[in-house]
>>> print(open('structure.txt').read())   # compact mmCIF, C-alpha atoms and all ligand atoms
# COMPACT_ATOMS: atom_id res chain seq x y z
CA MET W 1304 -138.84 -43.74 -109.30
CA THR W 1305 -136.43 -40.83 -108.68
CA ASP W 1306 -136.28 -37.81 -111.06
CA VAL W 1307 -132.81 -38.91 -112.22
CA MET W 1308 -134.02 -42.45 -113.05
CA GLN W 1309 -137.11 -41.10 -114.79
CA SER W 1310 -135.11 -38.74 -116.99
CA ALA W 1311 -132.59 -41.52 -117.85
CA GLN W 1312 -135.49 -43.72 -118.91
CA SER W 1313 -137.11 -41.03 -121.01
CA THR W 1314 -133.77 -40.35 -122.75
CA ASP W 1315 -133.43 -44.08 -123.45
CA GLU W 1316 -137.03 -44.22 -124.63
CA GLN W 1317 -136.43 -41.32 -127.00
CA ARG W 1318 -133.35 -43.11 -128.32
CA VAL W 1319 -135.08 -46.45 -128.94
CA LEU W 1320 -138.07 -44.76 -130.55
CA GLU W 1321 -135.73 -42.87 -132.89
CA LEU W 1322 -134.04 -46.17 -133.75
CA THR W 1323 -137.47 -47.76 -134.30
CA ASP W 1324 -138.53 -44.96 -136.65
CA ARG W 1325 -135.27 -45.30 -138.54
CA LEU W 1326 -135.88 -49.07 -138.80
CA CYS W 1327 -139.43 -48.56 -140.11
CA ASP W 1328 -138.25 -45.91 -142.60
CA GLY W 1329 -135.38 -48.06 -143.88
CA VAL W 1330 -137.00 -51.50 -144.26
CA ASP W 1331 -140.20 -52.63 -145.96
CA VAL W 1332 -142.67 -53.29 -143.11
CA ASN W 1333 -144.43 -55.84 -145.29
CA ASP W 1334 -141.30 -57.94 -145.72
CA GLU W 1335 -141.85 -59.86 -142.48
CA ARG W 1336 -138.58 -61.78 -142.35
CA GLY W 1337 -136.42 -58.92 -143.66
CA PHE W 1338 -137.99 -56.52 -141.17
CA LEU W 1339 -137.46 -58.86 -138.21
CA ALA W 1340 -133.84 -59.47 -139.19
CA ALA W 1341 -133.25 -55.71 -139.32
CA GLN W 1342 -135.07 -55.25 -136.00
CA PHE W 1343 -132.76 -57.83 -134.43
CA ASP W 1344 -129.65 -56.20 -135.90
CA ALA W 1345 -130.75 -52.81 -134.58
CA GLY W 1346 -130.94 -54.24 -131.03
CA LEU W 1347 -134.70 -53.79 -130.91
CA ALA W 1348 -135.71 -57.46 -130.71
CA TRP W 1349 -135.30 -57.83 -126.92
CA VAL W 1350 -134.00 -54.45 -125.88
CA ASN W 1351 -132.85 -55.85 -122.52
CA PHE W 1352 -130.59 -58.47 -124.18
CA PRO W 1353 -126.87 -57.75 -124.69
CA GLU W 1354 -125.71 -55.68 -127.66
CA GLY W 1355 -124.96 -57.91 -130.64
CA HIS W 1356 -127.59 -60.44 -129.56
CA GLY W 1357 -130.76 -58.56 -130.45
CA GLY W 1358 -130.64 -56.05 -127.61
CA LEU W 1359 -129.08 -52.84 -126.32
CA ASP W 1360 -128.60 -53.72 -122.63
CA LEU W 1361 -131.47 -51.40 -121.72
CA SER W 1362 -134.49 -51.75 -119.43
CA PRO W 1363 -137.10 -54.33 -120.58
CA LYS W 1364 -139.72 -51.60 -119.98
CA LEU W 1365 -138.64 -50.10 -123.31
CA GLN W 1366 -139.73 -53.10 -125.37
CA ARG W 1367 -143.40 -52.21 -125.16
CA PRO W 1368 -143.04 -48.70 -126.65
CA ILE W 1369 -140.91 -50.20 -129.43
CA GLN W 1370 -143.54 -52.83 -130.28
CA LEU W 1371 -146.35 -50.28 -130.12
CA ARG W 1372 -144.45 -48.00 -132.51
CA ILE W 1373 -143.76 -50.90 -134.91
CA ALA W 1374 -147.45 -51.85 -134.80
CA GLU W 1375 -148.46 -48.23 -135.50
CA ARG W 1376 -146.19 -48.26 -138.54
CA GLY W 1377 -147.71 -51.54 -139.80
CA GLY W 1378 -144.68 -53.72 -139.01
CA PRO W 1379 -144.84 -57.44 -138.08
CA LEU W 1380 -145.13 -59.03 -134.66
CA PRO W 1381 -141.95 -60.72 -133.39
CA ALA W 1382 -141.23 -64.41 -134.01
CA PRO W 1383 -144.44 -65.35 -135.86
CA GLY W 1384 -145.54 -68.92 -135.06
CA ASN W 1385 -142.59 -69.35 -132.70
CA VAL W 1386 -144.11 -68.64 -129.29
CA LEU W 1387 -141.97 -71.14 -127.41
CA GLY W 1388 -138.83 -69.93 -129.11
CA TYR W 1389 -139.56 -66.27 -128.50
CA GLY W 1390 -140.92 -66.60 -124.98
CA MET W 1391 -138.68 -69.33 -123.58
CA ALA W 1392 -135.78 -70.57 -125.73
CA ALA W 1393 -134.29 -67.13 -126.39
CA ALA W 1394 -134.19 -66.28 -122.67
CA THR W 1395 -132.66 -69.68 -121.88
CA VAL W 1396 -129.93 -69.41 -124.54
CA ILE W 1397 -129.13 -65.84 -123.46
CA ALA W 1398 -128.90 -66.81 -119.79
CA HIS W 1399 -126.96 -70.08 -120.15
CA GLY W 1400 -125.55 -70.35 -123.69
CA SER W 1401 -121.97 -69.87 -124.85
CA ASP W 1402 -121.19 -66.90 -127.12
CA GLU W 1403 -121.20 -69.26 -130.14
CA GLN W 1404 -124.63 -70.60 -129.17
CA LYS W 1405 -126.07 -67.10 -128.71
CA GLN W 1406 -124.61 -66.13 -132.08
CA ARG W 1407 -125.94 -69.24 -133.82
CA TYR W 1408 -129.47 -69.63 -132.47
CA ILE W 1409 -131.11 -66.37 -131.41
CA ARG W 1410 -131.35 -64.40 -134.67
CA PRO W 1411 -133.06 -67.13 -136.78
CA LEU W 1412 -135.33 -67.77 -133.80
CA PHE W 1413 -136.47 -64.15 -133.81
CA THR W 1414 -137.09 -64.13 -137.55
CA SER W 1415 -138.89 -67.53 -137.28
CA GLU W 1416 -136.55 -69.07 -139.84
CA GLU W 1417 -136.07 -71.68 -137.11
CA ILE W 1418 -138.98 -72.73 -134.91
CA TRP W 1419 -138.39 -74.16 -131.42
CA CYS W 1420 -140.27 -76.67 -129.30
CA GLN W 1421 -140.00 -77.78 -125.69
CA LEU W 1422 -139.11 -81.40 -124.93
CA PHE W 1423 -139.65 -81.59 -121.17
CA SER W 1424 -142.77 -83.63 -120.24
CA GLU W 1425 -142.76 -87.42 -120.41
CA PRO W 1426 -145.47 -90.05 -119.90
CA GLY W 1427 -144.14 -90.54 -116.35
CA ALA W 1428 -142.94 -87.00 -115.61
CA GLY W 1429 -145.08 -83.86 -115.91
CA SER W 1430 -145.59 -82.02 -112.63
CA ASP W 1431 -142.68 -84.04 -111.28
CA LEU W 1432 -140.49 -82.99 -114.19
CA ALA W 1433 -137.24 -83.69 -112.34
CA GLY W 1434 -138.21 -87.37 -112.27
CA LEU W 1435 -137.85 -87.69 -116.06
CA ALA W 1436 -136.29 -90.80 -117.59
CA THR W 1437 -134.95 -89.86 -121.04
CA ARG W 1438 -131.30 -90.87 -120.96
CA ALA W 1439 -128.28 -89.09 -122.38
CA VAL W 1440 -125.07 -91.13 -122.34
CA ARG W 1441 -121.73 -89.57 -123.21
CA ASP W 1442 -119.90 -91.07 -126.18
CA GLY W 1443 -116.72 -89.09 -126.87
CA GLU W 1444 -117.68 -85.65 -128.17
CA GLU W 1445 -121.31 -86.72 -128.55
CA TRP W 1446 -124.25 -87.77 -126.42
CA LEU W 1447 -126.53 -90.69 -127.23
CA ILE W 1448 -130.17 -89.89 -126.42
CA ASN W 1449 -132.93 -92.45 -125.84
CA GLY W 1450 -136.41 -91.81 -124.50
CA GLN W 1451 -139.88 -90.40 -125.10
CA LYS W 1452 -141.38 -86.96 -124.60
CA VAL W 1453 -145.05 -86.01 -124.81
CA TRP W 1454 -147.39 -82.99 -125.25
CA ASN W 1455 -144.71 -81.20 -127.27
CA SER W 1456 -146.39 -78.18 -128.84
CA ASN W 1457 -145.30 -77.34 -132.36
CA ALA W 1458 -142.69 -80.14 -132.43
CA HIS W 1459 -143.97 -81.04 -135.92
CA ASN W 1460 -142.80 -77.64 -137.20
CA ALA W 1461 -139.70 -77.27 -135.05
CA ARG W 1462 -136.09 -77.11 -136.16
CA TRP W 1463 -134.74 -77.21 -132.59
CA GLY W 1464 -135.97 -78.69 -129.33
CA MET W 1465 -135.21 -77.62 -125.75
CA LEU W 1466 -134.40 -81.04 -124.32
CA VAL W 1467 -133.77 -82.09 -120.72
CA ALA W 1468 -132.32 -85.57 -120.22
CA ARG W 1469 -130.87 -87.64 -117.42
CA THR W 1470 -127.11 -87.89 -117.53
CA ASP W 1471 -126.52 -89.28 -114.02
CA PRO W 1472 -129.11 -91.77 -112.70
CA ASP W 1473 -127.07 -92.30 -109.52
CA SER W 1474 -127.62 -88.72 -108.33
CA PRO W 1475 -130.81 -87.39 -106.71
CA LYS W 1476 -133.31 -86.49 -109.40
CA HIS W 1477 -132.68 -82.73 -109.64
CA ARG W 1478 -128.90 -83.14 -109.81
CA GLY W 1479 -128.55 -85.73 -112.57
CA LEU W 1480 -130.05 -83.69 -115.43
CA THR W 1481 -128.46 -81.93 -118.40
CA TYR W 1482 -130.01 -79.53 -120.93
CA PHE W 1483 -129.42 -79.93 -124.68
CA ILE W 1484 -130.51 -78.30 -127.90
CA LEU W 1485 -131.91 -81.14 -130.02
CA ASP W 1486 -131.80 -81.08 -133.82
CA MET W 1487 -135.36 -82.17 -134.65
CA GLN W 1488 -134.14 -83.36 -138.07
CA ALA W 1489 -131.46 -85.67 -136.62
CA PRO W 1490 -131.72 -89.41 -137.42
CA GLY W 1491 -133.68 -91.22 -134.68
CA VAL W 1492 -136.07 -88.35 -133.86
CA GLU W 1493 -139.69 -89.30 -134.57
CA VAL W 1494 -142.58 -86.87 -134.12
CA LYS W 1495 -146.18 -88.16 -133.89
CA PRO W 1496 -149.15 -85.77 -133.65
CA LEU W 1497 -151.71 -85.96 -130.82
CA ARG W 1498 -155.27 -84.87 -131.48
CA GLN W 1499 -156.98 -82.56 -129.00
CA MET W 1500 -160.73 -82.31 -128.35
CA THR W 1501 -160.88 -79.22 -130.59
CA GLY W 1502 -159.79 -81.45 -133.50
CA GLN W 1503 -156.48 -79.64 -133.84
CA ALA W 1504 -153.15 -81.37 -133.38
CA GLU W 1505 -151.09 -78.63 -131.74
CA PHE W 1506 -148.87 -81.01 -129.84
CA ASN W 1507 -147.07 -84.32 -130.32
CA GLU W 1508 -145.26 -87.30 -128.92
CA VAL W 1509 -141.54 -87.25 -129.66
CA PHE W 1510 -139.51 -90.46 -129.65
CA MET W 1511 -135.72 -90.44 -129.56
CA ASN W 1512 -133.91 -93.63 -130.53
CA ASP W 1513 -130.10 -93.50 -130.42
CA VAL W 1514 -130.09 -89.84 -131.39
CA ARG W 1515 -126.59 -88.35 -131.49
CA VAL W 1516 -126.20 -84.83 -130.09
CA PRO W 1517 -122.80 -83.11 -130.27
CA ASP W 1518 -121.51 -81.87 -126.92
CA SER W 1519 -121.38 -78.37 -128.46
CA MET W 1520 -125.21 -78.43 -128.28
CA ARG W 1521 -125.26 -78.83 -124.51
CA LEU W 1522 -126.67 -75.74 -122.80
CA GLY W 1523 -125.02 -75.17 -119.42
CA ASP W 1524 -122.88 -77.62 -117.47
CA VAL W 1525 -123.34 -81.37 -117.25
CA GLY W 1526 -125.60 -81.98 -114.24
CA ASP W 1527 -126.86 -78.38 -114.21
CA GLY W 1528 -129.94 -79.10 -116.35
CA TRP W 1529 -132.45 -78.40 -113.60
CA ARG W 1530 -131.19 -74.83 -113.09
CA VAL W 1531 -131.23 -74.22 -116.86
CA SER W 1532 -134.74 -75.73 -117.10
CA LEU W 1533 -135.98 -73.34 -114.43
CA THR W 1534 -135.13 -70.41 -116.70
CA THR W 1535 -137.29 -72.00 -119.41
CA LEU W 1536 -140.12 -72.84 -117.00
CA MET W 1537 -140.26 -69.45 -115.29
CA ASN W 1538 -140.29 -67.72 -118.68
CA GLU W 1539 -143.00 -70.14 -119.83
CA ARG W 1540 -145.29 -69.08 -116.98
CA VAL W 1541 -144.76 -65.43 -117.78
CA THR W 1542 -145.32 -66.14 -121.50
CA ILE W 1543 -148.60 -67.97 -120.91
CA GLY W 1544 -149.81 -65.76 -118.07
CA GLY W 1545 -148.70 -62.56 -119.78
CA SER W 1546 -150.31 -63.28 -123.11
CA ALA W 1547 -153.80 -62.11 -122.20
CA GLN W 1548 -154.97 -59.16 -124.29
CA ASN W 1549 -157.93 -58.15 -122.24
CA ARG W 1550 -158.80 -54.69 -123.47
CA PRO W 1551 -162.59 -54.45 -123.91
CA GLY W 1552 -162.43 -54.20 -127.69
CA SER W 1553 -159.85 -56.95 -128.14
CA GLY W 1554 -158.76 -60.31 -126.77
CA LEU W 1555 -161.01 -62.75 -125.01
CA ILE W 1556 -163.06 -60.28 -122.97
CA GLY W 1557 -163.73 -58.35 -126.19
CA SER W 1558 -165.08 -61.52 -127.82
CA VAL W 1559 -167.26 -62.21 -124.76
CA ARG W 1560 -168.59 -58.66 -124.99
CA ARG W 1561 -169.59 -59.27 -128.63
CA VAL W 1562 -171.46 -62.45 -127.60
CA LEU W 1563 -173.22 -60.47 -124.85
CA ASP W 1564 -174.33 -57.85 -127.38
CA GLU W 1565 -175.46 -60.49 -129.87
CA TYR W 1566 -177.41 -62.74 -127.51
CA GLY W 1567 -178.58 -60.12 -125.01
CA ALA W 1568 -178.35 -60.35 -121.22
CA ASP W 1569 -180.38 -59.58 -118.12
CA ASP W 1570 -179.02 -57.55 -115.18
CA VAL W 1571 -177.54 -60.61 -113.47
CA LYS W 1572 -175.55 -61.53 -116.58
CA ARG W 1573 -174.43 -57.94 -117.07
CA ALA W 1574 -173.19 -57.88 -113.47
CA LYS W 1575 -171.30 -61.12 -114.13
CA PHE W 1576 -169.76 -59.63 -117.26
CA MET W 1577 -168.62 -56.55 -115.29
CA GLU W 1578 -167.00 -58.77 -112.68
CA LEU W 1579 -165.11 -60.70 -115.38
CA TYR W 1580 -164.17 -57.49 -117.14
CA THR W 1581 -162.76 -56.00 -113.93
CA ARG W 1582 -160.71 -59.12 -113.22
CA ALA W 1583 -159.43 -59.18 -116.80
CA GLU W 1584 -158.39 -55.54 -116.52
CA VAL W 1585 -156.59 -56.16 -113.20
CA LEU W 1586 -154.78 -59.09 -114.84
CA ARG W 1587 -153.82 -57.00 -117.86
CA LEU W 1588 -152.32 -54.27 -115.67
CA THR W 1589 -150.59 -56.78 -113.37
CA ASN W 1590 -149.06 -58.49 -116.40
CA MET W 1591 -147.88 -55.19 -117.75
CA ARG W 1592 -146.13 -54.42 -114.46
CA ALA W 1593 -144.60 -57.92 -114.24
CA GLY W 1594 -143.42 -57.66 -117.86
CA GLN W 1595 -141.64 -54.42 -117.12
CA LEU W 1596 -139.78 -55.98 -114.21
CA ARG W 1597 -138.60 -58.83 -116.43
CA THR W 1598 -134.88 -58.89 -117.16
CA ALA W 1599 -132.78 -61.16 -119.35
CA GLY W 1600 -132.77 -64.04 -116.88
CA THR W 1601 -135.13 -66.08 -114.78
CA PRO W 1602 -138.36 -64.32 -113.77
CA GLY W 1603 -139.46 -64.83 -110.17
CA PRO W 1604 -142.44 -66.74 -108.76
CA GLU W 1605 -144.75 -63.83 -109.65
CA GLY W 1606 -145.07 -65.54 -113.06
CA SER W 1607 -147.16 -68.21 -111.32
CA VAL W 1608 -149.72 -65.60 -110.22
CA GLY W 1609 -150.37 -64.46 -113.81
CA LYS W 1610 -150.41 -68.07 -115.00
CA ILE W 1611 -153.14 -69.18 -112.55
CA THR W 1612 -155.23 -66.07 -113.01
CA THR W 1613 -155.07 -66.37 -116.80
CA ALA W 1614 -156.10 -70.04 -116.63
CA ASP W 1615 -159.06 -69.31 -114.32
CA LEU W 1616 -160.22 -66.34 -116.35
CA ASN W 1617 -159.91 -68.13 -119.71
CA GLN W 1618 -162.12 -70.90 -118.37
CA GLU W 1619 -164.65 -68.66 -116.63
CA MET W 1620 -164.96 -66.25 -119.55
CA THR W 1621 -165.52 -68.99 -122.12
CA GLU W 1622 -167.97 -70.82 -119.82
CA PHE W 1623 -169.90 -67.56 -119.45
CA ALA W 1624 -169.94 -67.09 -123.23
CA MET W 1625 -171.34 -70.62 -123.65
CA GLU W 1626 -174.03 -69.79 -121.09
CA LEU W 1627 -174.95 -66.66 -123.04
CA MET W 1628 -175.11 -68.60 -126.31
CA GLY W 1629 -177.34 -71.31 -124.83
CA PRO W 1630 -177.95 -74.19 -127.28
CA HIS W 1631 -176.02 -72.30 -130.00
CA GLY W 1632 -172.90 -72.90 -127.94
CA GLN W 1633 -173.12 -76.56 -128.86
CA LEU W 1634 -172.95 -75.97 -132.62
CA PHE W 1635 -169.29 -76.88 -132.90
CA GLY W 1636 -167.95 -76.98 -136.47
CA SER W 1637 -166.04 -80.25 -136.62
CA PHE W 1638 -164.05 -82.57 -134.39
CA GLU W 1639 -162.16 -84.01 -137.38
CA ARG W 1640 -158.40 -84.00 -136.95
CA GLN W 1641 -156.84 -80.90 -138.47
CA ASP W 1642 -153.07 -80.97 -138.68
CA ASN W 1643 -151.03 -77.82 -138.60
CA VAL W 1644 -153.99 -75.57 -137.90
CA GLN W 1645 -153.73 -72.99 -135.16
CA VAL W 1646 -156.64 -72.76 -132.74
CA ASP W 1647 -158.99 -69.96 -133.78
CA TYR W 1648 -159.39 -68.06 -130.54
CA SER W 1649 -162.02 -65.73 -131.96
CA ASP W 1650 -164.42 -68.71 -132.06
CA LEU W 1651 -165.52 -68.99 -128.44
CA ARG W 1652 -166.83 -72.53 -128.87
CA THR W 1653 -163.33 -73.65 -129.79
CA TYR W 1654 -161.79 -71.46 -127.11
CA PHE W 1655 -164.13 -73.01 -124.52
CA LEU W 1656 -162.76 -76.47 -125.35
CA ARG W 1657 -159.15 -75.25 -125.64
CA SER W 1658 -159.31 -73.40 -122.31
CA ARG W 1659 -159.42 -76.75 -120.44
CA ALA W 1660 -155.70 -76.91 -121.23
CA SER W 1661 -154.99 -73.51 -119.65
CA SER W 1662 -154.80 -74.93 -116.15
CA ILE W 1663 -152.51 -77.80 -117.28
CA GLU W 1664 -150.00 -76.44 -119.84
CA GLY W 1665 -146.88 -74.79 -118.49
CA GLY W 1666 -147.39 -76.45 -115.09
CA THR W 1667 -150.82 -77.11 -113.56
CA SER W 1668 -152.64 -74.60 -111.36
CA GLU W 1669 -152.05 -76.90 -108.35
CA ILE W 1670 -148.30 -76.75 -108.95
CA GLN W 1671 -148.42 -72.94 -109.38
CA ARG W 1672 -150.25 -72.74 -106.03
CA ASN W 1673 -147.50 -74.83 -104.44
CA ILE W 1674 -144.90 -72.44 -105.86
CA ILE W 1675 -146.74 -69.37 -104.56
CA GLY W 1676 -147.32 -71.02 -101.18
CA GLU W 1677 -143.69 -71.94 -100.75
CA ARG W 1678 -141.79 -69.19 -102.50
CA VAL W 1679 -144.02 -66.15 -102.07
CA LEU W 1680 -145.94 -66.84 -98.84
CA GLY W 1681 -143.20 -68.86 -97.11
CA LEU W 1682 -145.55 -71.72 -96.19
CA PRO W 1683 -144.16 -75.21 -95.40
CA GLY W 1684 -143.01 -77.13 -98.49
CA ASP W 1685 -144.84 -79.93 -100.32
CA VAL W 1686 -143.93 -83.45 -99.13
CA ARG W 1687 -140.94 -84.63 -101.19
CA VAL W 1688 -139.78 -87.98 -99.89
CA ASP W 1689 -137.62 -88.77 -102.93
CA LYS W 1690 -135.74 -85.48 -103.08
CA GLU W 1691 -132.42 -86.77 -101.73
CA LEU W 1692 -132.68 -90.37 -102.98
CA PRO W 1693 -130.56 -91.38 -105.98
CA TRP W 1694 -132.96 -91.27 -108.99
CA ASN W 1695 -132.43 -94.95 -109.82
CA GLN W 1696 -133.56 -95.94 -106.30
CA VAL W 1697 -136.88 -94.07 -106.47
CA PRO W 1698 -139.73 -96.60 -106.78
CA ARG W 1699 -141.73 -96.07 -110.00
C1 LIG W 1701 -151.94 -77.67 -124.38
C2 LIG W 1701 -150.71 -78.23 -123.71
C3 LIG W 1701 -149.48 -77.96 -124.25
C4 LIG W 1701 -148.33 -78.48 -123.66
N1 LIG W 1701 -147.12 -78.23 -124.25
C5 LIG W 1701 -146.00 -78.81 -123.74
C6 LIG W 1701 -144.75 -78.65 -124.42
O1 LIG W 1701 -144.65 -77.98 -125.44
N2 LIG W 1701 -143.68 -79.27 -123.91
C7 LIG W 1701 -143.73 -80.04 -122.78
O2 LIG W 1701 -142.70 -80.57 -122.38
N3 LIG W 1701 -144.90 -80.23 -122.11
C8 LIG W 1701 -146.04 -79.62 -122.58
N4 LIG W 1701 -147.25 -79.82 -121.94
C9 LIG W 1701 -147.30 -80.71 -120.78
C10 LIG W 1701 -147.57 -80.03 -119.45
O3 LIG W 1701 -146.45 -79.29 -119.03
C11 LIG W 1701 -147.95 -81.12 -118.45
O4 LIG W 1701 -149.18 -81.68 -118.90
C12 LIG W 1701 -148.13 -80.58 -117.05
O5 LIG W 1701 -146.90 -80.18 -116.51
C13 LIG W 1701 -148.79 -81.63 -116.10
O6 LIG W 1701 -148.14 -82.84 -116.17
P1 LIG W 1701 -148.95 -84.20 -116.38
O7 LIG W 1701 -149.83 -84.01 -117.57
O8 LIG W 1701 -147.95 -85.32 -116.42
O9 LIG W 1701 -149.88 -84.34 -115.12
P2 LIG W 1701 -149.49 -84.93 -113.62
O10 LIG W 1701 -148.18 -84.37 -113.27
O11 LIG W 1701 -149.60 -86.42 -113.76
O12 LIG W 1701 -150.62 -84.35 -112.77
C14 LIG W 1701 -151.91 -84.96 -112.63
C15 LIG W 1701 -152.70 -84.17 -111.59
O13 LIG W 1701 -152.07 -84.25 -110.30
C16 LIG W 1701 -151.82 -82.94 -109.79
N5 LIG W 1701 -150.55 -82.94 -109.05
C17 LIG W 1701 -149.39 -83.52 -109.40
N6 LIG W 1701 -148.43 -83.28 -108.50
C18 LIG W 1701 -148.99 -82.51 -107.54
C19 LIG W 1701 -148.50 -81.92 -106.33
N7 LIG W 1701 -147.24 -82.10 -105.95
N8 LIG W 1701 -149.36 -81.17 -105.59
C20 LIG W 1701 -150.65 -81.00 -105.98
N9 LIG W 1701 -151.16 -81.54 -107.11
C21 LIG W 1701 -150.35 -82.28 -107.88
C22 LIG W 1701 -151.74 -82.05 -111.01
O14 LIG W 1701 -152.02 -80.70 -110.69
C23 LIG W 1701 -152.79 -82.66 -111.93
O15 LIG W 1701 -154.07 -82.20 -111.59
C24 LIG W 1701 -148.42 -79.29 -122.49
C25 LIG W 1701 -149.68 -79.55 -121.93
C26 LIG W 1701 -150.82 -79.04 -122.53
C27 LIG W 1701 -152.16 -79.34 -121.92
>>> encode(input="structure.txt", output="C-alpha cells", more="lines below")
Ligand SMILES: Cc1cc2nc3c(=O)[nH]c(=O)nc-3n(C[C@H](O)[C@H](O)[C@H](O)COP(=O)(O)OP(=O)(O)OC[C@H]3O[C@@H](n4cnc5c(N)ncnc54)[C@H](O)[C@@H]3O)c2cc1C
Amino acid sequence: MTDVMQSAQSTDEQRVLELTDRLCDGVDVNDERGFLAAQFDAGLAWVNFPEGHGGLDLSPKLQRPIQLRIAERGGPLPAPGNVLGYGMAAATVIAHGSDEQKQRYIRPLFTSEEIWCQLFSEPGAGSDLAGLATRAVRDGEEWLINGQKVWNSNAHNARWGMLVARTDPDSPKHRGLTYFILDMQAPGVEVKPLRQMTGQAEFNEVFMNDVRVPDSMRLGDVGDGWRVSLTTLMNERVTIGGSAQNRPGSGLIGSVRRVLDEYGADDVKRAKFMELYTRAEVLRLTNMRAGQLRTAGTPGPEGSVGKITTADLNQEMTEFAMELMGPHGQLFGSFERQDNVQVDYSDLRTYFLRSRASSIEGGTSEIQRNIIGERVLGLPGDVRVDKELPWNQVPR
C-alpha cells in the first residue's frame, strides 16, 4: 500500500471510529434493536455500502475496527439470529435491488426485525442448483409460484425468503431462472421442520402452492436469476468460511484446548493439537485478509478456499476432541427433537455431530474443489452435457 493510500485509510478509520464513539455515547448499548437501528442510520452497519443504505461508501476493511470498538463498549453484534440475512440477503439486495427495495428491506434486516431465509435447494437440485424445478408463472402484475424447497435454515422464523424459481422452462437451465423475495407469511407457503441428528430442527422443507408474489418483489431482471443467485452463493461461502473464530482462547480451537487440558494428552496428541492450532490460525488470518478485500458485490472464488478449509477443520477438530474424551465423548444429552433451539457450539459432542454438515451446507466440498479447479487454477471444466439443452428437454 502506498503512503498516500495508507494515510487516506487512517483518516477514514479515525472518522469512522469517531462516529462509532458518538454512536455508543448517544444510544443505550443495551437496547439491542435501538442501537442497531442507530448504527445503520450512522452508516456503520456495512461501511462499504452506499450512504443512506447502512454504509458510507468506504473500504470494507473499516468494518472490523468499528465492530471491535462497539464490542469494547458493550454494544450488540449485528443482525442477531439473522445470519443468512446479514451475510447473504443484504449483499444481494444491495447489488441487484431497486432503490425502493434497498430502502424497504435492508434496515429491518440489520436490526433483525425481519429475519431472512434462503429458498434455493430442492429435492432434485442441490449441487446442480440451476436444474431447479420450482415454477414461477407471470399473471399480470403478479407471479404464481408452485414448488418445493428443502434444507431451508431458519425458514420457520423468517419473514422473507430469497427464492429462485424457473420462469422459462424452454431456455437452458441457467438462463430460465428469476430471483424473488418471498413473503413467508403469504397464503400457500407452508414450512415443515426437519430434524437433524443433533436433535435440533435448524432447517425445514418449504412448500409453495399457488403463492402470489407481486412483480415489485422480483430482484433483478426476468431470466437473470442465476447471476443474482451467484451473489448470494458467493457471499454464503464467505459467510460460512469466514465465521471461524479460531483464537486460542475462543472459538472451536479454544474449546478443543479446554478438552485437552481437562482430559490430558501425551506428546503425540499435543503435536496433533499444535498442527490443528496452526491450521486454524492460518485460516483465521486468511479469512481476515479475504474479508478486507470484500466489497459490496460478489466475492470471488477465494470464498471457496475458506469454505473448504473451515469444513475440514471443523470436522478434524471435533473428531480430535472426541478422541481426547474417549468414552465420555459418547455421553450425548438427548436426541429428542428440539424446535427453535440453536446448536450449542460450546458442547463439542453436539459440534462433532453438527460438523458433518459443514462439508455440505453452502455447497459441498466437492463442488468448492470444482470451483477452485476451474476458476482459480484454470483446469478443464466439469462435464456438463445439459448446459445448452432447454431445461424441459433434460432427462430427469
Ligand atoms: C446444515 C445445512 C443447512 C442448509 N441450509 C440451506 C438453506 O438455508 N437454503 C438452501 O437452499 N439450502 C440449504 N442447504 C442445502 C445445501 O446447499 C445442499 O445440501 C448442498 O448444496 C448439496 O446438495 P444436495 O444435498 O442436493 O446433494 P447432491 O447435490 O445430491 O450431492 C450428493 C453428492 O454428490 C456430490 N456431487 C454432486 N455433483 C457433483 C459434481 N459435479 N462433482 C463432484 N461431486 C458432485 C456432492 O458433493 C455430494 O457429495 C443446507 C444444507 C445443510 C447440510
>>> residues_around(input="structure.txt", residues="W:Ser1649", least_positions_apart="4", cutoff="8 Å", atoms="only C-alpha atoms", output="ChimeraX atom specification")
/W:1555,1558,1654
>>> write_last_selection(input="structure.txt", atoms="C-alpha atoms", output="CSV table (one decimal), in the coordinates of the input")
chain,number,residue,atom,x,y,z
W,1555,LEU,CA,-161.0,-62.8,-125.0
W,1558,SER,CA,-165.1,-61.5,-127.8
W,1654,TYR,CA,-161.8,-71.5,-127.1
>>> closest_residue(input="structure.txt", among="W:Glu1508, W:Asp1615, W:Glu1354, W:Glu1316", to="ligand LIG 1701 (chain W)", atoms="all atoms listed in the file")
W:Glu1508
>>> residues_near_ligand(input="structure.txt", ligand="ligand LIG 1701 (chain W)", cutoff="10 Å", atoms="all atoms listed in the file", output="VMD selection string")
chain W and resid 1387 1419 to 1432 1452 to 1458 1464 to 1467 1499 1504 to 1509 1536 1539 1657 to 1674 1684 to 1687
>>> residues_around(input="structure.txt", residues="stretch 1562-1577 of chain W", least_positions_apart="3", cutoff="10 Å", atoms="only C-alpha atoms", output="list in words")
Ile1556, Gly1557, Ser1558, Val1559, Tyr1580, Thr1581, Arg1582, Ala1583, Met1620, Phe1623, Ala1624, Met1625, Glu1626, Leu1627, Met1628, Gly1629, His1631 and Leu1651 of chain W
>>> atom_distance(input="structure.txt", atom1="atom CA of W:Thr1323", atom2="atom CA of W:Leu1371")
10.1 Å
>>> closest_atom_pairs(input="structure.txt", of="stretch 1376-1421 of chain W", to="stretch 1356-1363 of chain W", cutoff="9 Å", atoms="all atoms listed in the file", output="JSON lines")
{"residue": "W:Ile1397", "atom": "CA", "partner": "W:His1356", "partner_atom": "CA", "distance": 8.3}
{"residue": "W:Lys1405", "atom": "CA", "partner": "W:His1356", "partner_atom": "CA", "distance": 6.9}
{"residue": "W:Gln1406", "atom": "CA", "partner": "W:His1356", "partner_atom": "CA", "distance": 6.9}
{"residue": "W:Ile1409", "atom": "CA", "partner": "W:His1356", "partner_atom": "CA", "distance": 7.1}
{"residue": "W:Arg1410", "atom": "CA", "partner": "W:Gly1357", "partner_atom": "CA", "distance": 7.2}
{"residue": "W:Phe1413", "atom": "CA", "partner": "W:Gly1357", "partner_atom": "CA", "distance": 8.7}
>>> closest_residue(input="structure.txt", among="W:Thr1613, W:Thr1414, W:Ser1401, W:Ser1607", to="W:Arg1540", atoms="only C-alpha atoms")
W:Ser1607
